[in-house]
file coords16.tsv (TSV, C-alpha atoms and all ligand atoms)
chain	number	residue	atom	x	y	z
N	1	MET	CA	51.77	305.55	196.13
N	2	GLY	CA	49.32	303.62	193.99
N	3	GLU	CA	46.48	301.94	195.86
N	4	ILE	CA	43.56	300.98	193.62
N	5	ILE	CA	40.00	300.38	194.83
N	6	LEU	CA	37.08	299.40	192.61
N	7	LYS	CA	33.58	299.49	194.08
N	8	ASN	CA	30.50	297.90	192.52
N	9	ILE	CA	31.88	298.20	188.99
N	10	ASN	CA	29.56	297.19	186.16
N	11	LYS	CA	30.36	297.19	182.49
N	12	THR	CA	27.99	296.37	179.67
N	13	PHE	CA	28.46	296.51	175.92
N	14	GLY	CA	24.94	296.88	174.50
N	15	ASN	CA	23.05	294.03	176.13
N	16	THR	CA	26.13	292.09	177.12
N	17	LYS	CA	27.22	292.24	180.76
N	18	VAL	CA	30.97	291.92	180.86
N	19	LEU	CA	31.68	292.90	184.48
N	20	GLU	CA	29.07	292.53	187.18
N	21	ASP	CA	29.22	294.25	190.56
N	22	LEU	CA	32.96	293.87	190.78
N	23	ASN	CA	34.80	294.84	193.99
N	24	LEU	CA	38.54	294.85	194.23
N	25	LYS	CA	41.40	296.33	196.23
N	26	ILE	CA	45.01	296.37	195.11
N	27	ASN	CA	47.51	297.62	197.68
N	28	ASP	CA	50.14	300.25	197.01
N	29	GLY	CA	53.30	298.69	195.61
N	30	GLU	CA	51.74	295.29	195.02
N	31	PHE	CA	52.41	293.08	192.00
N	32	ALA	CA	48.82	292.09	191.22
N	33	VAL	CA	48.15	289.58	188.46
N	34	LEU	CA	44.74	289.41	186.86
N	35	VAL	CA	44.26	285.97	185.37
N	36	GLY	CA	41.40	284.26	183.57
N	37	ALA	CA	40.36	282.67	180.30
N	38	SER	CA	40.06	284.62	177.06
N	39	GLY	CA	37.02	286.89	177.04
N	40	CYS	CA	36.51	286.94	180.83
N	41	GLY	CA	36.90	290.73	181.01
N	42	LYS	CA	40.57	291.31	181.90
N	43	THR	CA	41.32	293.97	179.28
N	44	THR	CA	37.97	295.62	179.99
N	45	LEU	CA	38.91	295.95	183.67
N	46	LEU	CA	42.36	297.32	182.86
N	47	ARG	CA	40.87	299.89	180.49
N	48	ILE	CA	38.52	301.07	183.24
N	49	ILE	CA	41.46	301.61	185.60
N	50	ALA	CA	43.40	303.42	182.85
N	51	GLY	CA	40.40	305.58	182.03
N	52	ILE	CA	40.22	304.64	178.35
N	53	GLY	CA	37.02	302.56	178.58
N	54	PRO	CA	34.87	303.91	181.39
N	55	ALA	CA	32.68	301.66	183.55
N	56	THR	CA	28.92	301.68	183.03
N	57	SER	CA	28.51	302.23	186.78
N	58	GLY	CA	30.56	302.02	189.97
N	59	GLU	CA	33.45	303.88	191.56
N	60	LEU	CA	37.19	303.82	191.07
N	61	PHE	CA	39.62	305.23	193.64
N	62	ILE	CA	43.36	305.72	193.22
N	63	ASP	CA	45.09	306.60	196.47
N	64	GLY	CA	41.76	307.40	198.02
N	65	GLU	CA	40.71	309.81	195.29
N	66	GLU	CA	37.64	309.11	193.13
N	67	VAL	CA	39.07	309.27	189.60
N	68	SER	CA	36.20	308.00	187.42
N	69	ASP	CA	35.87	311.44	185.83
N	70	LEU	CA	39.60	312.14	185.62
N	71	ALA	CA	41.15	312.09	182.12
N	72	PRO	CA	43.54	309.16	181.44
N	73	GLY	CA	46.50	311.53	181.13
N	74	LYS	CA	45.86	312.93	184.60
N	75	ARG	CA	45.78	309.58	186.42
N	76	ASN	CA	49.52	309.04	186.54
N	77	ILE	CA	49.10	305.56	185.13
N	78	ALA	CA	51.06	303.90	182.34
N	79	MET	CA	49.71	301.05	180.26
N	80	VAL	CA	51.64	298.50	178.22
N	81	PHE	CA	49.31	296.93	175.68
N	82	GLN	CA	48.70	293.41	174.46
N	83	ASN	CA	50.38	294.24	171.12
N	84	TYR	CA	52.90	296.81	172.29
N	85	ALA	CA	52.54	299.62	169.77
N	86	ILE	CA	55.99	301.06	169.26
N	87	TYR	CA	56.68	303.43	166.37
N	88	PRO	CA	58.61	301.53	163.68
N	89	ASN	CA	60.08	304.63	162.02
N	90	MET	CA	61.54	306.03	165.25
N	91	THR	CA	64.70	304.88	166.97
N	92	VAL	CA	64.54	303.28	170.41
N	93	LYS	CA	65.48	306.64	171.87
N	94	GLY	CA	62.80	308.42	169.83
N	95	ASN	CA	60.21	305.95	171.06
N	96	ILE	CA	61.12	306.49	174.71
N	97	GLU	CA	61.37	310.26	174.23
N	98	PHE	CA	58.04	310.68	172.44
N	99	GLY	CA	55.80	311.03	175.50
N	100	LEU	CA	58.31	313.27	177.25
N	101	LYS	CA	58.37	315.67	174.31
N	102	ASN	CA	54.58	315.70	174.29
N	103	ASN	CA	54.67	316.69	177.94
N	104	HIS	CA	57.19	319.49	177.20
N	105	VAL	CA	59.90	318.01	179.40
N	106	PRO	CA	63.08	320.09	178.83
N	107	LYS	CA	65.83	318.51	176.72
N	108	ALA	CA	68.43	318.04	179.46
N	109	GLU	CA	65.87	316.37	181.70
N	110	ARG	CA	64.75	314.14	178.81
N	111	GLU	CA	68.32	312.98	178.20
N	112	ARG	CA	68.78	312.15	181.86
N	113	LEU	CA	65.49	310.20	182.09
N	114	ILE	CA	66.12	308.25	178.89
N	115	ALA	CA	69.61	307.26	180.02
N	116	GLU	CA	68.28	306.14	183.39
N	117	VAL	CA	65.38	304.10	182.03
N	118	ALA	CA	67.40	302.57	179.18
N	119	GLU	CA	69.97	301.44	181.72
N	120	SER	CA	67.39	299.81	183.97
N	121	VAL	CA	65.81	297.75	181.15
N	122	GLY	CA	69.13	296.98	179.44
N	123	LEU	CA	68.64	299.03	176.27
N	124	THR	CA	71.54	301.49	176.58
N	125	GLU	CA	73.46	300.06	173.64
N	126	TYR	CA	70.38	299.93	171.41
N	127	LEU	CA	69.16	303.52	171.72
N	128	LYS	CA	70.06	304.42	168.11
N	129	ARG	CA	68.45	301.35	166.55
N	130	LYS	CA	65.10	301.13	164.83
N	131	PRO	CA	62.58	298.54	166.19
N	132	ASN	CA	62.93	296.26	163.13
N	133	ALA	CA	66.56	295.67	164.13
N	134	LEU	CA	65.57	294.44	167.59
N	135	SER	CA	64.53	291.05	168.93
N	136	GLY	CA	61.02	290.50	170.31
N	137	GLY	CA	62.28	290.77	173.86
N	138	GLN	CA	64.15	294.00	173.13
N	139	ARG	CA	61.05	295.52	171.52
N	140	GLN	CA	59.12	294.51	174.59
N	141	ARG	CA	61.63	296.40	176.69
N	142	VAL	CA	61.16	299.50	174.53
N	143	ALA	CA	57.43	299.38	175.29
N	144	LEU	CA	58.25	299.02	178.99
N	145	ALA	CA	60.82	301.81	178.92
N	146	ARG	CA	58.32	304.11	177.27
N	147	ALA	CA	55.86	303.45	180.10
N	148	MET	CA	58.52	303.71	182.81
N	149	VAL	CA	59.92	307.03	181.71
N	150	LYS	CA	56.67	308.71	182.72
N	151	ASN	CA	57.36	307.58	186.30
N	152	PRO	CA	53.77	306.48	186.87
N	153	LYS	CA	52.39	305.40	190.22
N	154	VAL	CA	50.60	302.48	188.60
N	155	PHE	CA	51.71	300.21	185.74
N	156	LEU	CA	49.03	298.37	183.83
N	157	MET	CA	50.29	295.58	181.60
N	158	ASP	CA	48.05	293.63	179.28
N	159	GLU	CA	49.69	290.32	178.33
N	160	PRO	CA	52.94	292.11	177.53
N	161	LEU	CA	54.82	288.85	176.95
N	162	SER	CA	52.30	287.15	174.68
N	163	ASN	CA	54.30	287.85	171.51
N	164	LEU	CA	57.48	286.27	172.81
N	165	ASP	CA	58.64	282.68	172.45
N	166	ALA	CA	58.47	280.45	175.50
N	167	LYS	CA	62.13	280.78	176.52
N	168	LEU	CA	62.19	284.56	176.25
N	169	ARG	CA	58.94	284.78	178.15
N	170	VAL	CA	60.48	282.97	181.10
N	171	ALA	CA	63.50	285.27	181.00
N	172	MET	CA	61.32	288.40	180.79
N	173	ARG	CA	59.24	287.10	183.69
N	174	SER	CA	62.13	287.29	186.09
N	175	GLU	CA	63.20	290.65	184.61
N	176	LEU	CA	59.75	292.03	185.42
N	177	ILE	CA	59.93	290.68	188.97
N	178	GLU	CA	63.30	292.43	189.37
N	179	LEU	CA	61.94	295.61	187.83
N	180	HIS	CA	59.06	295.59	190.26
N	181	ASN	CA	61.41	295.09	193.20
N	182	LYS	CA	63.44	298.06	191.98
N	183	LEU	CA	60.56	300.45	191.21
N	184	LYS	CA	58.25	299.42	194.08
N	185	THR	CA	55.36	300.73	192.01
N	186	THR	CA	51.94	299.09	191.84
N	187	PHE	CA	51.80	296.62	188.93
N	188	VAL	CA	48.56	295.26	187.53
N	189	TYR	CA	49.52	292.55	185.12
N	190	VAL	CA	47.07	290.66	182.91
N	191	THR	CA	47.64	287.16	181.63
N	192	HIS	CA	45.67	284.03	180.82
N	193	ASP	CA	48.65	281.90	181.77
N	194	GLN	CA	48.35	280.47	185.27
N	195	VAL	CA	52.06	279.64	185.49
N	196	GLU	CA	52.94	283.25	184.69
N	197	ALA	CA	50.45	284.40	187.31
N	198	MET	CA	51.79	282.06	189.98
N	199	SER	CA	55.42	282.93	189.31
N	200	MET	CA	55.09	286.72	189.39
N	201	ALA	CA	52.22	287.71	191.64
N	202	ASP	CA	52.10	289.02	195.18
N	203	THR	CA	48.37	288.73	194.78
N	204	ILE	CA	46.42	286.81	192.13
N	205	ILE	CA	42.98	287.97	191.04
N	206	LEU	CA	41.29	285.05	189.33
N	207	MET	CA	38.34	285.96	187.11
N	208	ASN	CA	35.69	283.91	185.36
N	209	LYS	CA	33.04	285.46	183.13
N	210	GLY	CA	33.45	288.92	184.65
N	211	VAL	CA	33.29	287.70	188.26
N	212	ILE	CA	36.26	287.51	190.64
N	213	GLN	CA	36.53	283.94	191.91
N	214	GLN	CA	39.29	284.56	194.44
N	215	GLN	CA	41.94	287.11	195.26
N	216	ALA	CA	44.86	285.80	197.29
N	217	SER	CA	48.59	285.08	197.29
N	218	PRO	CA	49.78	282.28	194.97
N	219	GLU	CA	50.25	280.01	198.01
N	220	VAL	CA	46.69	280.50	199.24
N	221	ILE	CA	45.19	280.21	195.75
N	222	TYR	CA	46.96	276.87	195.34
N	223	ASP	CA	46.55	275.44	198.87
N	224	ASP	CA	43.22	276.86	199.88
N	225	PRO	CA	40.94	277.46	196.84
N	226	ASN	CA	37.46	278.89	197.42
N	227	ASN	CA	35.70	276.85	194.77
N	228	VAL	CA	36.03	274.19	192.07
N	229	PHE	CA	36.81	276.79	189.41
N	230	THR	CA	39.86	278.13	191.28
N	231	ALA	CA	40.95	274.63	192.31
N	232	GLN	CA	40.96	273.48	188.70
N	233	PHE	CA	42.31	276.66	187.09
N	234	ILE	CA	45.56	276.65	189.07
N	235	GLY	CA	47.85	273.61	188.86
N	236	THR	CA	48.78	271.27	186.01
N	237	PRO	CA	47.25	268.81	185.51
N	238	SER	CA	44.06	270.10	187.16
N	239	MET	CA	42.84	268.94	190.54
N	240	ASN	CA	40.91	265.66	190.31
N	241	ILE	CA	37.26	266.23	191.24
N	242	LEU	CA	34.90	263.32	191.92
N	243	PRO	CA	31.21	263.38	192.92
N	244	LEU	CA	30.08	262.09	196.32
N	245	LYS	CA	26.77	260.35	196.99
N	246	ASN	CA	25.54	263.28	199.13
N	247	GLY	CA	25.74	265.72	196.19
N	248	SER	CA	29.11	267.14	197.23
N	249	PHE	CA	32.49	266.69	195.55
N	250	VAL	CA	35.88	265.51	196.70
N	251	GLY	CA	39.06	266.85	195.11
N	252	TYR	CA	42.75	266.03	195.26
N	253	ARG	CA	45.76	267.30	193.39
N	254	PRO	CA	47.66	264.88	191.10
N	255	GLU	CA	50.91	265.68	192.93
N	256	LYS	CA	49.47	264.80	196.35
N	257	VAL	CA	48.64	261.22	195.41
N	258	GLY	CA	50.81	258.43	196.72
N	259	LEU	CA	50.97	255.74	194.02
N	260	THR	CA	52.18	252.47	195.54
N	261	PRO	CA	52.15	248.77	194.70
N	262	GLU	CA	51.18	247.92	198.30
N	263	GLU	CA	48.28	249.19	200.36
N	264	THR	CA	49.19	251.72	203.10
N	265	GLU	CA	47.44	253.45	205.98
N	266	ALA	CA	46.28	256.50	203.96
N	267	PHE	CA	42.77	257.89	204.64
N	268	TYR	CA	41.68	257.67	201.01
N	269	LYS	CA	42.67	254.65	198.98
N	270	VAL	CA	41.34	253.05	195.84
N	271	ARG	CA	42.70	250.49	193.43
N	272	GLY	CA	43.70	251.89	190.07
N	273	ARG	CA	45.00	250.73	186.71
N	274	ILE	CA	47.60	252.75	184.81
N	275	ILE	CA	46.10	253.78	181.46
N	276	THR	CA	48.84	256.08	180.17
N	277	ARG	CA	52.30	257.00	181.38
N	278	GLU	CA	54.13	260.21	180.46
N	279	MET	CA	57.69	260.48	181.66
N	280	LEU	CA	58.39	264.22	182.08
N	281	GLY	CA	61.90	264.06	183.47
N	282	SER	CA	61.86	264.58	187.21
N	283	GLU	CA	58.22	263.51	187.44
N	284	THR	CA	55.97	261.04	185.70
N	285	LEU	CA	52.36	261.70	184.84
N	286	TYR	CA	49.93	258.78	184.99
N	287	LYS	CA	46.34	258.59	183.89
N	288	VAL	CA	44.78	256.08	186.24
N	289	GLN	CA	41.43	254.34	185.98
N	290	ILE	CA	39.83	253.61	189.34
N	291	ILE	CA	38.87	249.92	189.56
N	292	SER	CA	37.39	249.69	193.06
N	293	GLY	CA	34.72	251.43	195.12
N	294	GLU	CA	32.06	253.96	194.17
N	295	HIS	CA	34.23	255.83	191.65
N	296	GLN	CA	34.93	252.71	189.64
N	297	ASN	CA	35.69	253.52	185.96
N	298	GLU	CA	36.41	257.21	186.64
N	299	THR	CA	39.90	258.33	185.68
N	300	VAL	CA	42.24	260.51	187.73
N	301	MET	CA	45.60	262.09	187.03
N	302	VAL	CA	48.57	261.25	189.23
N	303	LYS	CA	51.94	263.00	189.23
N	304	SER	CA	54.64	260.89	190.82
N	305	LEU	CA	58.38	260.97	191.39
N	306	ASP	CA	58.31	257.21	190.77
N	307	SER	CA	58.59	256.48	187.04
N	308	GLY	CA	58.49	252.72	187.57
N	309	PHE	CA	54.81	252.01	186.90
N	310	GLN	CA	53.88	250.64	183.49
N	311	GLU	CA	50.73	250.92	181.42
N	312	GLY	CA	48.26	248.17	182.35
N	313	GLN	CA	49.74	247.75	185.82
N	314	ASP	CA	47.52	247.99	188.93
N	315	ALA	CA	48.45	250.15	191.93
N	316	TRP	CA	46.99	251.87	195.00
N	317	VAL	CA	45.96	255.49	194.67
N	318	GLN	CA	46.22	257.02	198.13
N	319	VAL	CA	45.72	260.48	199.56
N	320	ALA	CA	46.04	261.79	203.13
N	321	LEU	CA	42.95	263.46	204.60
N	322	LYS	CA	44.77	266.79	204.81
N	323	HIS	CA	45.18	266.78	201.01
N	324	LEU	CA	41.49	266.20	200.30
N	325	TYR	CA	39.22	269.13	199.41
N	326	PHE	CA	35.44	269.07	199.66
N	327	PHE	CA	33.02	271.22	197.66
N	328	ASP	CA	29.25	271.55	197.95
N	329	GLY	CA	26.67	271.10	195.18
N	330	LYS	CA	27.26	274.71	194.10
N	331	GLU	CA	30.97	273.93	193.76
N	332	GLN	CA	31.86	276.12	196.74
N	333	ARG	CA	34.52	274.94	199.13
N	334	ILE	CA	33.55	273.23	202.38
N	335	ARG	CA	36.26	274.07	204.93
N	336	GLU	CA	36.37	272.21	208.22
N	337	ALA	CA	37.02	275.49	210.06
N	338	ASP	CA	33.78	277.19	209.03
N	339	ARG	CA	31.49	274.35	207.93
N	340	ALA	CA	32.43	271.56	210.33
N	341	GLU	CA	29.12	269.73	209.99
N	342	ASP	CA	29.15	269.66	206.16
N	343	TYR	CA	32.81	268.72	206.26
N	344	GLY	CA	32.13	265.81	208.61
N	345	ALA	CA	29.28	264.63	206.40
N	346	CYS	CA	31.61	264.57	203.37
N	347	VAL	CA	34.30	262.66	205.26
N	348	ARG	CA	31.77	260.03	206.36
N	349	CYS	CA	30.27	259.86	202.88
N	350	LEU	CA	33.68	259.22	201.36
N	351	LYS	CA	34.32	256.48	203.91
N	352	GLY	CA	31.04	254.87	202.88
N	353	GLU	CA	29.40	255.54	206.26
N	354	GLU	CA	25.92	257.07	206.62
N	355	ALA	CA	26.15	260.78	205.78
M	1	LIG	N1	33.89	297.18	172.35
M	1	LIG	C1	33.25	296.06	172.63
M	1	LIG	N2	31.98	295.84	172.21
M	1	LIG	C2	31.32	294.71	172.50
M	1	LIG	N3	31.81	293.70	173.23
M	1	LIG	C3	33.07	293.84	173.70
M	1	LIG	C4	33.86	295.02	173.41
M	1	LIG	N4	35.06	294.88	174.00
M	1	LIG	C5	35.03	293.67	174.61
M	1	LIG	N5	33.85	293.05	174.43
M	1	LIG	C6	33.45	291.73	174.96
M	1	LIG	O1	33.66	291.74	176.36
M	1	LIG	C7	34.16	290.49	176.82
M	1	LIG	C8	35.45	290.71	177.59
M	1	LIG	O2	36.45	291.19	176.72
M	1	LIG	P1	37.93	291.47	177.19
M	1	LIG	O3	38.68	292.03	176.05
M	1	LIG	O4	37.91	292.26	178.44
M	1	LIG	O5	38.45	289.99	177.51
M	1	LIG	P2	39.89	289.49	177.98
M	1	LIG	O6	39.69	288.78	179.27
M	1	LIG	O7	40.86	290.59	177.91
M	1	LIG	O8	40.22	288.39	176.86
M	1	LIG	P3	41.63	288.02	176.13
M	1	LIG	O9	42.37	287.13	177.09
M	1	LIG	O10	41.19	287.26	174.93
M	1	LIG	O11	42.35	289.29	175.81
M	1	LIG	C9	34.33	289.62	175.58
M	1	LIG	O12	33.24	288.76	175.51
M	1	LIG	C10	34.33	290.61	174.44
M	1	LIG	O13	33.80	290.03	173.30
M	2	MG	MG	42.54	291.00	176.71

call {"tool": "encode", "arguments": {"input": "coords16.tsv", "output": "structure tokens"}}
result
Amino acid sequence: MGEIILKNINKTFGNTKVLEDLNLKINDGEFAVLVGASGCGKTTLLRIIAGIGPATSGELFIDGEEVSDLAPGKRNIAMVFQNYAIYPNMTVKGNIEFGLKNNHVPKAERERLIAEVAESVGLTEYLKRKPNALSGGQRQRVALARAMVKNPKVFLMDEPLSNLDAKLRVAMRSELIELHNKLKTTFVYVTHDQVEAMSMADTIILMNKGVIQQQASPEVIYDDPNNVFTAQFIGTPSMNILPLKNGSFVGYRPEKVGLTPEETEAFYKVRGRIITREMLGSETLYKVQIISGEHQNETVMVKSLDSGFQEGQDAWVQVALKHLYFFDGKEQRIREADRAEDYGACVRCLKGEEA
């Protein structure tokens, strides 16, 4: 068990509001990823859940129980920190054993737990080593093992992979997914890396300046963003966003553009000129300047499987209606399903008809 509910959480440091009226539910057993730019309040939120940096106001429930006044040690939560603090003068085994000794777990039980946890994170053959004789990834696993051995109902992880090089990070990512599948415990994982978030999460919680922008599965966050912020945070390069004459915005993802020498029947089409071309292997990234219509001189990014376009060449930039997103003047999404009139107005505006 490990369902987490936050209700109307506020957190201020002096005069600075860091979290404002935050509401959140994380289901039992879910791999939740909290993502957002540096300083948006991720660590602050994690510390509130862990009980090491209480909220200024609001309520926190774990498995239906109000725990705001419960000591961190009593919450059955383990936290892996941004700079995993493992003890350099203790062996791997000593590091994993430390918390168990503190909790007066009997020796035989300790041995059994250490063996089990070491096995599951692949540290069995390193138990006698000191941390300075381990790689970054192995040290990371020690920090994980130390959290796991307490058998918590919730794991909080604050950018646990940030000290690893890119290749190791990718490897550890899939190890964490496997670990989660095995443990079936609630994970709350913090990162500022959208790719990490997309690849690991059951549910993504996207934050900006202490406010949750959207909580949804990676598929929904990508396909059905609530606002311009979410649309542009997820996906590389970012979604193209262009202003419409009626004060709204139209958006389309670089990978949904058809770039063709000849005009086709697509709903949206403008002439463009290739400004830069970056061949990335399977795909090619083009920066394209629009040279016709109301968005003349604006540039958009296009990701194409066709590497054949050259800088200076002209082409058609085309997008199907189903791949266009509309946002209002407050940068909130206009969905056809719930704002049919506004949606229709944007479609007509884009077509150059009276809005
Ligand atoms: N003890 C503190 N006193 C004053 N301000 C603080 C304190 N701790 C955090 N803050 C401020 O609160 C805001 C949120 O900080 P937090 O550490 O939660 O961000 P974060 O999203 O974890 O960022 P990062 O990705 O850089 O770790 C920041 O503006 C930070 O400066
Ligand atoms: Mg942080």

call {"tool": "closest_residue", "arguments": {"input": "coords16.tsv", "among": "N:Phe13, N:Phe98, N:Phe81, N:Tyr325", "to": "ligand LIG 1 (chain M)", "atoms": "all atoms listed in the file"}}
result
N:Phe13

call {"tool": "residues_near_ligand", "arguments": {"input": "coords16.tsv", "ligand": "ligand LIG 1 (chain M)", "cutoff": "10 Å", "atoms": "only C-alpha atoms and all ligand atoms", "output": "PyMOL selection string"}}
result
chain N and resi 11-19+34-47+53+82+158-159+190-193+207-210

call {"tool": "atom_distance", "arguments": {"input": "coords16.tsv", "atom1": "CA of Ser174 in chain N", "atom2": "CA of Met79 in chain N"}}
result
19.4 Å

call {"tool": "atom_distance", "arguments": {"input": "coords16.tsv", "atom1": "CA of Gly247 in chain N", "atom2": "CA of Glu353 in chain N"}}
result
14.8 Å

call {"tool": "closest_residue", "arguments": {"input": "coords16.tsv", "among": "N:Gly352, N:Gly73, N:Gly99, N:Pro106", "to": "Ala145 in chain N", "atoms": "all atoms listed in the file"}}
result
N:Gly99

call {"tool": "atom_distance", "arguments": {"input": "coords16.tsv", "atom1": "CA of Thr56 in chain N", "atom2": "CA of Leu161 in chain N"}}
result
29.5 Å

call {"tool": "residues_around", "arguments": {"input": "coords16.tsv", "residues": "Leu179 in chain N", "least_positions_apart": "2", "cutoff": "12 Å", "atoms": "all atoms listed in the file", "output": "PDB file with C-alpha atoms, in the coordinates of the input"}}
result
ATOM      1  CA  PHE N  31      52.410 293.080 192.000  1.00  0.00           C
ATOM      2  CA  VAL N 117      65.380 304.100 182.030  1.00  0.00           C
ATOM      3  CA  GLU N 119      69.970 301.440 181.720  1.00  0.00           C
ATOM      4  CA  SER N 120      67.390 299.810 183.970  1.00  0.00           C
ATOM      5  CA  VAL N 121      65.810 297.750 181.150  1.00  0.00           C
ATOM      6  CA  GLY N 122      69.130 296.980 179.440  1.00  0.00           C
ATOM      7  CA  ARG N 141      61.630 296.400 176.690  1.00  0.00           C
ATOM      8  CA  LEU N 144      58.250 299.020 178.990  1.00  0.00           C
ATOM      9  CA  ALA N 145      60.820 301.810 178.920  1.00  0.00           C
ATOM     10  CA  MET N 148      58.520 303.710 182.810  1.00  0.00           C
ATOM     11  CA  PHE N 155      51.710 300.210 185.740  1.00  0.00           C
ATOM     12  CA  MET N 172      61.320 288.400 180.790  1.00  0.00           C
ATOM     13  CA  ARG N 173      59.240 287.100 183.690  1.00  0.00           C
ATOM     14  CA  SER N 174      62.130 287.290 186.090  1.00  0.00           C
ATOM     15  CA  GLU N 175      63.200 290.650 184.610  1.00  0.00           C
ATOM     16  CA  LEU N 176      59.750 292.030 185.420  1.00  0.00           C
ATOM     17  CA  ILE N 177      59.930 290.680 188.970  1.00  0.00           C
ATOM     18  CA  ASN N 181      61.410 295.090 193.200  1.00  0.00           C
ATOM     19  CA  LYS N 182      63.440 298.060 191.980  1.00  0.00           C
ATOM     20  CA  LEU N 183      60.560 300.450 191.210  1.00  0.00           C
ATOM     21  CA  LYS N 184      58.250 299.420 194.080  1.00  0.00           C
ATOM     22  CA  THR N 185      55.360 300.730 192.010  1.00  0.00           C
ATOM     23  CA  THR N 186      51.940 299.090 191.840  1.00  0.00           C
ATOM     24  CA  PHE N 187      51.800 296.620 188.930  1.00  0.00           C
ATOM     25  CA  MET N 200      55.090 286.720 189.390  1.00  0.00           C
TER      26      MET N 200
END

call {"tool": "closest_residue", "arguments": {"input": "coords16.tsv", "among": "N:Ala115, N:Ile96, N:Val80, N:Val302", "to": "ligand MG 2 (chain M)", "atoms": "all atoms listed in the file"}}
result
N:Val80

call {"tool": "closest_residue", "arguments": {"input": "coords16.tsv", "among": "N:Lys128, N:Lys74, N:Arg110, N:Arg348", "to": "Glu97 in chain N", "atoms": "only C-alpha atoms"}}
result
N:Arg110

call {"tool": "residues_around", "arguments": {"input": "coords16.tsv", "residues": "Phe309 in chain N", "least_positions_apart": "5", "cutoff": "9 Å", "atoms": "all atoms listed in the file", "output": "number ranges by chain"}}
result
N: 259, 261, 274, 277, 286, 314-315

call {"tool": "write_last_selection", "arguments": {"input": "coords16.tsv", "atoms": "C-alpha atoms", "output": "PDB file, in the coordinates of the input"}}
result
ATOM      1  CA  LEU N 259      50.970 255.740 194.020  1.00  0.00           C
ATOM      2  CA  PRO N 261      52.150 248.770 194.700  1.00  0.00           C
ATOM      3  CA  ILE N 274      47.600 252.750 184.810  1.00  0.00           C
ATOM      4  CA  ARG N 277      52.300 257.000 181.380  1.00  0.00           C
ATOM      5  CA  TYR N 286      49.930 258.780 184.990  1.00  0.00           C
ATOM      6  CA  ASP N 314      47.520 247.990 188.930  1.00  0.00           C
ATOM      7  CA  ALA N 315      48.450 250.150 191.930  1.00  0.00           C
TER       8      ALA N 315
END

call {"tool": "closest_residue", "arguments": {"input": "coords16.tsv", "among": "N:Asp21, N:Asp202, N:Glu219, N:Asp338", "to": "Glu59 in chain N", "atoms": "all atoms listed in the file"}}
result
N:Asp21

call {"tool": "closest_residue", "arguments": {"input": "coords16.tsv", "among": "N:Gly2, N:Pro237, N:Pro254, N:Pro160", "to": "ligand MG 2 (chain M)", "atoms": "all atoms listed in the file"}}
result
N:Pro160

call {"tool": "residues_near_point", "arguments": {"input": "coords16.tsv", "point": "(43.5, 255.9, 187.6)", "cutoff": "10 Å", "atoms": "all atoms listed in the file", "output": "mmCIF file with C-alpha atoms, in the coordinates of the input"}}
result
data_model
loop_
_atom_site.group_PDB
_atom_site.id
_atom_site.type_symbol
_atom_site.label_atom_id
_atom_site.label_comp_id
_atom_site.auth_asym_id
_atom_site.auth_seq_id
_atom_site.Cartn_x
_atom_site.Cartn_y
_atom_site.Cartn_z
ATOM 1 C CA LEU N 259 50.970 255.740 194.020
ATOM 2 C CA VAL N 270 41.340 253.050 195.840
ATOM 3 C CA ARG N 271 42.700 250.490 193.430
ATOM 4 C CA GLY N 272 43.700 251.890 190.070
ATOM 5 C CA ARG N 273 45.000 250.730 186.710
ATOM 6 C CA ILE N 274 47.600 252.750 184.810
ATOM 7 C CA ILE N 275 46.100 253.780 181.460
ATOM 8 C CA THR N 276 48.840 256.080 180.170
ATOM 9 C CA TYR N 286 49.930 258.780 184.990
ATOM 10 C CA LYS N 287 46.340 258.590 183.890
ATOM 11 C CA VAL N 288 44.780 256.080 186.240
ATOM 12 C CA GLN N 289 41.430 254.340 185.980
ATOM 13 C CA ILE N 290 39.830 253.610 189.340
ATOM 14 C CA ILE N 291 38.870 249.920 189.560
ATOM 15 C CA GLN N 296 34.930 252.710 189.640
ATOM 16 C CA ASN N 297 35.690 253.520 185.960
ATOM 17 C CA GLU N 298 36.410 257.210 186.640
ATOM 18 C CA THR N 299 39.900 258.330 185.680
ATOM 19 C CA VAL N 300 42.240 260.510 187.730
ATOM 20 C CA MET N 301 45.600 262.090 187.030
ATOM 21 C CA VAL N 302 48.570 261.250 189.230
ATOM 22 C CA ASP N 314 47.520 247.990 188.930
ATOM 23 C CA ALA N 315 48.450 250.150 191.930
ATOM 24 C CA TRP N 316 46.990 251.870 195.000
ATOM 25 C CA VAL N 317 45.960 255.490 194.670
#

call {"tool": "build_atoms", "arguments": {"input": "coords16.tsv", "residues": "range 260-264 of chain N", "atoms": "N, CA and C atoms", "output": "compact mmCIF listing (two decimals), in the frame of the given file"}}
result
# COMPACT_ATOMS: atom_id res chain seq x y z
N THR N 260 51.33 253.53 194.99
CA THR N 260 52.18 252.47 195.54
C THR N 260 51.67 251.09 195.13
N PRO N 261 52.58 250.13 195.02
CA PRO N 261 52.15 248.77 194.70
C PRO N 261 51.39 248.14 195.87
N GLU N 262 51.80 248.52 197.11
CA GLU N 262 51.18 247.92 198.30
C GLU N 262 50.22 248.90 198.96
N GLU N 263 49.23 248.38 199.62
CA GLU N 263 48.28 249.19 200.36
C GLU N 263 48.98 249.81 201.58
N THR N 264 48.63 251.08 201.89
CA THR N 264 49.19 251.72 203.10
C THR N 264 48.05 252.19 204.00
